[in-house]
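Have a look at target.pdb below; it lists PDB, C-alpha atoms.
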ATOM      1  CA  MET A  24      38.568 -53.384  23.945
ATOM      2  CA  ALA A  25      37.115 -51.229  21.219
ATOM      3  CA  THR A  26      39.226 -50.593  18.208
ATOM      4  CA  PRO A  27      38.980 -47.275  16.409
ATOM      5  CA  THR A  28      37.964 -49.219  13.303
ATOM      6  CA  ALA A  29      35.039 -50.946  15.055
ATOM      7  CA  LEU A  30      33.869 -47.660  16.540
ATOM      8  CA  SER A  31      34.209 -45.875  13.200
ATOM      9  CA  SER A  32      32.239 -48.631  11.483
ATOM     10  CA  SER A  33      29.476 -48.382  14.087
ATOM     11  CA  MET A  34      29.268 -44.613  13.697
ATOM     12  CA  ALA A  35      29.243 -44.858   9.883
ATOM     13  CA  GLN A  36      26.336 -47.305  10.075
ATOM     14  CA  ALA A  37      24.483 -44.998  12.500
ATOM     15  CA  ILE A  38      24.969 -42.035  10.159
ATOM     16  CA  GLU A  39      23.532 -44.043   7.241
ATOM     17  CA  LEU A  40      20.557 -45.105   9.366
ATOM     18  CA  LEU A  41      19.968 -41.517  10.480
ATOM     19  CA  ASP A  42      20.099 -40.352   6.856
ATOM     20  CA  SER A  43      17.430 -42.930   6.022
ATOM     21  CA  LEU A  44      15.386 -41.810   9.012
ATOM     22  CA  THR A  45      15.611 -38.175   7.888
ATOM     23  CA  THR A  46      14.319 -39.170   4.462
ATOM     24  CA  LEU A  47      11.426 -41.053   6.058
ATOM     25  CA  LEU A  48      10.614 -38.111   8.329
ATOM     26  CA  MET A  49      10.430 -35.771   5.337
ATOM     27  CA  ALA A  50       8.149 -38.227   3.525
ATOM     28  CA  GLU A  51       6.065 -38.502   6.687
ATOM     29  CA  ARG A  52       5.757 -34.714   6.854
ATOM     30  CA  THR A  53       4.364 -34.677   3.322
ATOM     31  CA  ALA A  54       1.967 -37.536   4.094
ATOM     32  CA  LEU A  55       0.784 -35.776   7.265
ATOM     33  CA  LYS A  56       0.129 -32.553   5.390
ATOM     34  CA  GLU A  57      -1.806 -34.448   2.726
ATOM     35  CA  ARG A  58      -3.505 -36.670   5.338
ATOM     36  CA  ASP A  59      -2.438 -39.730   3.360
ATOM     37  CA  THR A  60      -3.217 -42.341   6.035
ATOM     38  CA  VAL A  61      -2.120 -45.334   3.968
ATOM     39  CA  ASN A  62       1.299 -43.822   3.357
ATOM     40  CA  ILE A  63       1.565 -42.659   6.980
ATOM     41  CA  GLN A  64       1.066 -46.241   8.199
ATOM     42  CA  SER A  65       3.662 -47.571   5.778
ATOM     43  CA  LEU A  66       6.150 -44.901   6.845
ATOM     44  CA  LEU A  67       5.468 -45.660  10.500
ATOM     45  CA  ASN A  68       6.347 -49.309   9.935
ATOM     46  CA  GLN A  69       9.563 -48.319   8.163
ATOM     47  CA  LYS A  70      10.451 -45.865  10.931
ATOM     48  CA  THR A  71       9.895 -48.527  13.572
ATOM     49  CA  GLU A  72      12.308 -50.857  11.813
ATOM     50  CA  LEU A  73      14.922 -48.123  11.416
ATOM     51  CA  LEU A  74      14.603 -47.163  15.080
ATOM     52  CA  LYS A  75      15.193 -50.791  16.095
ATOM     53  CA  GLN A  76      18.338 -50.837  13.968
ATOM     54  CA  LEU A  77      19.497 -47.547  15.475
ATOM     55  CA  GLU A  78      18.914 -48.898  18.978
ATOM     56  CA  GLN A  79      20.960 -52.015  18.206
ATOM     57  CA  ASN A  80      23.695 -49.849  16.727
ATOM     58  CA  ALA A  81      23.784 -47.580  19.786
ATOM     59  CA  SER A  82      23.897 -50.616  22.105
ATOM     60  CA  LYS A  83      26.836 -52.003  20.152
ATOM     61  CA  ARG A  84      28.671 -48.672  20.326
ATOM     62  CA  THR A  85      27.951 -48.386  24.052
ATOM     63  CA  GLN A  86      29.320 -51.870  24.614
ATOM     64  CA  LEU A  87      32.456 -51.033  22.610
ATOM     65  CA  LEU A  88      33.081 -48.045  24.878
ATOM     66  CA  ILE A  89      32.407 -50.036  28.058
ATOM     67  CA  ASP A  90      34.756 -52.785  26.857
ATOM     68  CA  SER A  91      37.398 -50.067  26.498
ATOM     69  CA  GLY A  92      37.012 -49.172  30.156
ATOM     70  CA  VAL A  93      35.041 -45.944  29.743
ATOM     71  CA  GLU A  94      31.403 -45.017  30.219
ATOM     72  CA  GLY A  95      29.022 -45.788  27.387
ATOM     73  CA  ASN A  96      27.961 -42.160  26.872
ATOM     74  CA  ASP A  97      29.275 -38.789  25.607
ATOM     75  CA  HIS A  98      31.741 -38.525  28.467
ATOM     76  CA  GLY A  99      33.013 -42.027  27.771
ATOM     77  CA  MET A 100      33.388 -41.212  24.090
ATOM     78  CA  ALA A 101      35.400 -38.090  24.966
ATOM     79  CA  ALA A 102      37.611 -40.098  27.312
ATOM     80  CA  TYR A 103      38.114 -42.798  24.688
ATOM     81  CA  LEU A 104      39.025 -40.235  22.030
ATOM     82  CA  ASP A 105      41.485 -38.607  24.430
ATOM     83  CA  SER A 106      43.258 -41.952  24.769
ATOM     84  CA  LEU A 107      43.876 -42.258  21.024
ATOM     85  CA  PRO A 108      46.640 -40.812  18.856
ATOM     86  CA  VAL A 109      45.745 -37.307  17.658
ATOM     87  CA  ASN A 110      45.156 -38.153  13.978
ATOM     88  CA  THR A 111      42.899 -41.117  14.801
ATOM     89  CA  ALA A 112      41.055 -39.146  17.485
ATOM     90  CA  THR A 113      40.479 -36.232  15.097
ATOM     91  CA  LYS A 114      38.890 -38.495  12.470
ATOM     92  CA  LEU A 115      36.660 -40.204  15.015
ATOM     93  CA  GLN A 116      35.750 -36.899  16.677
ATOM     94  CA  HIS A 117      34.612 -35.537  13.318
ATOM     95  CA  GLN A 118      32.548 -38.664  12.652
ATOM     96  CA  TRP A 119      31.064 -38.484  16.163
ATOM     97  CA  GLN A 120      30.068 -34.851  15.590
ATOM     98  CA  VAL A 121      28.455 -35.716  12.234
ATOM     99  CA  LEU A 122      26.485 -38.484  13.959
ATOM    100  CA  LYS A 123      25.297 -36.094  16.697
ATOM    101  CA  ASP A 124      24.348 -33.461  14.092
ATOM    102  CA  HIS A 125      22.318 -36.012  12.116
ATOM    103  CA  LEU A 126      20.605 -37.140  15.314
ATOM    104  CA  HIS A 127      19.728 -33.534  16.137
ATOM    105  CA  ASP A 128      18.289 -33.063  12.630
ATOM    106  CA  CYS A 129      16.121 -36.177  13.073
ATOM    107  CA  LYS A 130      14.858 -34.960  16.442
ATOM    108  CA  THR A 131      13.972 -31.576  14.952
ATOM    109  CA  ALA A 132      12.172 -33.141  11.985
ATOM    110  CA  ASN A 133      10.287 -35.455  14.334
ATOM    111  CA  GLN A 134       9.197 -32.504  16.485
ATOM    112  CA  VAL A 135       7.911 -30.673  13.407
ATOM    113  CA  ASN A 136       5.945 -33.776  12.388
ATOM    114  CA  GLY A 137       4.567 -34.022  15.918
ATOM    115  CA  THR A 138       3.397 -30.418  15.706
ATOM    116  CA  ILE A 139       1.693 -31.075  12.360
ATOM    117  CA  LEU A 140       0.033 -34.163  13.813
ATOM    118  CA  GLN A 141      -1.164 -32.245  16.879
ATOM    119  CA  ARG A 142      -2.611 -29.450  14.753
ATOM    120  CA  SER A 143      -4.435 -31.957  12.571
ATOM    121  CA  LYS A 144      -5.841 -33.653  15.653
ATOM    122  CA  THR A 145      -6.994 -30.303  17.035
ATOM    123  CA  GLN A 146      -8.716 -29.445  13.749
ATOM    124  CA  ILE A 147     -10.448 -32.809  13.589
ATOM    125  CA  ASP A 148     -11.543 -32.560  17.233
ATOM    126  CA  SER A 149     -12.918 -29.090  16.569
ATOM    127  CA  LEU A 150     -14.871 -30.279  13.531
ATOM    128  CA  LEU A 151     -16.264 -33.217  15.476
ATOM    129  CA  LYS A 152     -17.431 -30.874  18.240
ATOM    130  CA  ILE A 153     -19.201 -28.725  15.673
ATOM    131  CA  LEU A 154     -20.911 -31.759  14.155
ATOM    132  CA  ARG A 155     -21.981 -32.938  17.613
ATOM    133  CA  GLY A 156     -23.125 -29.473  18.645
ATOM    134  CA  GLN A 157     -20.777 -29.473  21.626
ATOM    135  CA  SER A 158     -19.167 -26.087  21.218
ATOM    136  CA  GLY A 159     -20.694 -22.646  21.665
ATOM    137  CA  ASP A 160     -17.493 -21.074  20.400
ATOM    138  CA  GLN A 161     -18.111 -22.171  16.827
ATOM    139  CA  LYS A 162     -20.213 -20.087  14.477
ATOM    140  CA  ILE A 163     -22.475 -21.075  11.637
ATOM    141  CA  TYR A 164     -24.559 -19.104   9.158
ATOM    142  CA  THR A 165     -28.320 -18.894   9.601
ATOM    143  CA  ASP A 166     -30.831 -19.064   6.771
ATOM    144  CA  ALA A 167     -30.755 -15.250   6.764
ATOM    145  CA  GLY A 168     -26.991 -15.316   6.117
ATOM    146  CA  LYS A 169     -26.037 -14.013   9.551
ATOM    147  CA  SER A 170     -23.333 -15.570  11.684
ATOM    148  CA  THR A 171     -24.508 -17.062  14.974
ATOM    149  CA  ALA A 172     -22.874 -19.151  17.686
ATOM    150  CA  ILE A 173     -23.782 -22.809  17.902
ATOM    151  CA  SER A 174     -25.398 -23.302  21.259
ATOM    152  CA  SER A 175     -24.691 -26.336  23.384
ATOM    153  CA  GLY A 176     -26.937 -29.263  22.750
ATOM    154  CA  HIS A 177     -27.894 -28.413  19.167
ATOM    155  CA  SER A 178     -26.335 -30.496  16.478
ATOM    156  CA  LEU A 179     -25.332 -29.069  13.147
ATOM    157  CA  ALA A 180     -28.242 -30.989  11.618
ATOM    158  CA  LYS A 181     -30.634 -28.834  13.678
ATOM    159  CA  ALA A 182     -28.954 -25.572  12.795
TER     160      ALA A 182
END
Spit out the file's structure as structure tokens when you get a sec.
Amino acid sequence: MATPTALSSSMAQAIELLDSLTTLLMAERTALKERDTVNIQSLLNQKTELLKQLEQNASKRTQLLIDSGVEGNDHGMAAYLDSLPVNTATKLQHQWQVLKDHLHDCKTANQVNGTILQRSKTQIDSLLKILRGQSGDQKIYTDAGKSTAISSGHSLAKA
């Protein structure tokens, strides 16, 4: 059976890990904006390790809830908290809410980074199409200084 202390300890560890993940996500955002590929790779490795630790932590917390005879999810947590004395339940409920808030912040930061990454990929793909002469939507300047569409099949070197 889970003790409130074991559950509190697990949640405190998860909150610390999520704080570290938030810091990494902010550093990743900066690296993505600056297209610092070396730093991005390093941050990815660190994120992978943190995510493994978070997964282990969540598994431990789930098992604590299951051992207490409740489901290993939000509903189980609510049921477990309802079974505790009010003062203990209030402390754990607050900690549980902080954990969920931190998780939400990490998800939001990760989505922002995903958007930045997608935009960068789109820009790079667009530039590659221009260099390959694969897009008639792109415009270049002629030797007379006029803007003209790049026609399909003509590389930028022929423009």
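Listed by chain and then by number, the residues chosen by the PyMOL selection byres ((chain A and resi 112-125) around 9) in this file are Pro27, Leu30, Ser31, Met34, Ala35, Ala37, Ile38, Leu41, Asp42, Thr45, Met100, Ala101, Tyr103, Leu104, Asp105, Ser106, Leu107, Pro108, Val109, Asn110, Thr111, Leu126, His127, Asp128, Cys129 and Lys130 of chain A.
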Q | Separation of CA of Ala25 (chain A) from CA of His98 (chain A) in Å | A | 15.6 Å
Q: Calculate how many Å separate CA of Leu88 (chain A) from CA of Leu73 (chain A), rounding to one decimal.
A: 22.6 Å
**Q.** All residues 7 Å or closer to Thr85 (chain A), all atoms listed in the file, same chain fewer than 4 positions away omitted, as a ChimeraX atom specification
**A.** /A:81,89,95-96
Q: Run the PyMOL selection byres ((chain A and resi 133-150) around 12) mentally over the shown coordinates, then write out the matched residues as number ranges by chain, using the chain letters and numbers from the document.
A: A: 44-58, 60, 63, 67, 70, 126-132, 151-162, 178-179
Q: Return the single residue from A:Glu72, A:Asp97, A:Glu78, A:Asp59 that is closest to Ser33 (chain A), with distances computed using only C-alpha atoms.
A: A:Glu78
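Considering the residues A:Thr26, A:Gln36, A:Gln69, A:Gln64 and counting all atoms listed in the file, Ser91 (chain A) has its shortest atom-to-atom contact with A:Thr26.
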Q.
Quick check, in Å to one decimal: how far apart do CA of Asn80 (chain A) and CA of Ala102 (chain A) lie?
A. 20.0 Å
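Remark: for Gln79 (chain A), the closest of the candidate residues A:Ala167, A:Leu66, A:Val93, A:Leu40 is A:Leu40 (distances computed over only C-alpha atoms).
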How big is the axis-aligned box around the listed atoms of region 60-73 of chain A once 6 Å is added on each side, and where is its centre? Give both in Å to one decimal, as lines of an AutoDock Vina configuration file.
center_x = 5.9
center_y = -46.6
center_z = 8.5
size_x = 30.1
size_y = 20.5
size_z = 22.2
Have region 93-107 of chain A completed to N, CA and C atoms, please, and pass it along as a PDB file, keeping the file's coordinate frame.
ATOM      1  N   VAL A  93      35.624 -47.270  29.543  1.00  0.00           N
ATOM      2  CA  VAL A  93      35.041 -45.944  29.743  1.00  0.00           C
ATOM      3  C   VAL A  93      33.521 -46.082  29.801  1.00  0.00           C
ATOM      4  N   GLU A  94      32.860 -45.001  30.176  1.00  0.00           N
ATOM      5  CA  GLU A  94      31.403 -45.017  30.219  1.00  0.00           C
ATOM      6  C   GLU A  94      30.837 -45.092  28.801  1.00  0.00           C
ATOM      7  N   GLY A  95      29.663 -45.653  28.690  1.00  0.00           N
ATOM      8  CA  GLY A  95      29.022 -45.788  27.387  1.00  0.00           C
ATOM      9  C   GLY A  95      28.156 -44.591  27.037  1.00  0.00           C
ATOM     10  N   ASN A  96      28.709 -43.388  27.156  1.00  0.00           N
ATOM     11  CA  ASN A  96      27.961 -42.160  26.872  1.00  0.00           C
ATOM     12  C   ASN A  96      28.906 -41.119  26.266  1.00  0.00           C
ATOM     13  N   ASP A  97      28.441 -39.860  26.179  1.00  0.00           N
ATOM     14  CA  ASP A  97      29.275 -38.789  25.607  1.00  0.00           C
ATOM     15  C   ASP A  97      30.592 -38.619  26.347  1.00  0.00           C
ATOM     16  N   HIS A  98      30.510 -38.685  27.668  1.00  0.00           N
ATOM     17  CA  HIS A  98      31.741 -38.525  28.467  1.00  0.00           C
ATOM     18  C   HIS A  98      32.711 -39.667  28.197  1.00  0.00           C
ATOM     19  N   GLY A  99      32.176 -40.876  28.086  1.00  0.00           N
ATOM     20  CA  GLY A  99      33.013 -42.027  27.771  1.00  0.00           C
ATOM     21  C   GLY A  99      33.638 -41.908  26.389  1.00  0.00           C
ATOM     22  N   MET A 100      32.859 -41.405  25.443  1.00  0.00           N
ATOM     23  CA  MET A 100      33.388 -41.212  24.090  1.00  0.00           C
ATOM     24  C   MET A 100      34.531 -40.203  24.122  1.00  0.00           C
ATOM     25  N   ALA A 101      34.345 -39.106  24.857  1.00  0.00           N
ATOM     26  CA  ALA A 101      35.400 -38.090  24.966  1.00  0.00           C
ATOM     27  C   ALA A 101      36.650 -38.681  25.603  1.00  0.00           C
ATOM     28  N   ALA A 102      36.463 -39.469  26.647  1.00  0.00           N
ATOM     29  CA  ALA A 102      37.611 -40.098  27.312  1.00  0.00           C
ATOM     30  C   ALA A 102      38.315 -41.076  26.377  1.00  0.00           C
ATOM     31  N   TYR A 103      37.525 -41.847  25.629  1.00  0.00           N
ATOM     32  CA  TYR A 103      38.114 -42.798  24.688  1.00  0.00           C
ATOM     33  C   TYR A 103      38.909 -42.060  23.617  1.00  0.00           C
ATOM     34  N   LEU A 104      38.332 -40.997  23.071  1.00  0.00           N
ATOM     35  CA  LEU A 104      39.025 -40.235  22.030  1.00  0.00           C
ATOM     36  C   LEU A 104      40.306 -39.608  22.560  1.00  0.00           C
ATOM     37  N   ASP A 105      40.279 -39.181  23.816  1.00  0.00           N
ATOM     38  CA  ASP A 105      41.485 -38.607  24.430  1.00  0.00           C
ATOM     39  C   ASP A 105      42.604 -39.627  24.560  1.00  0.00           C
ATOM     40  N   SER A 106      42.246 -40.904  24.601  1.00  0.00           N
ATOM     41  CA  SER A 106      43.258 -41.952  24.769  1.00  0.00           C
ATOM     42  C   SER A 106      43.901 -42.369  23.444  1.00  0.00           C
ATOM     43  N   LEU A 107      43.384 -41.861  22.349  1.00  0.00           N
ATOM     44  CA  LEU A 107      43.876 -42.258  21.024  1.00  0.00           C
ATOM     45  C   LEU A 107      44.931 -41.287  20.502  1.00  0.00           C
TER      46      LEU A 107
END
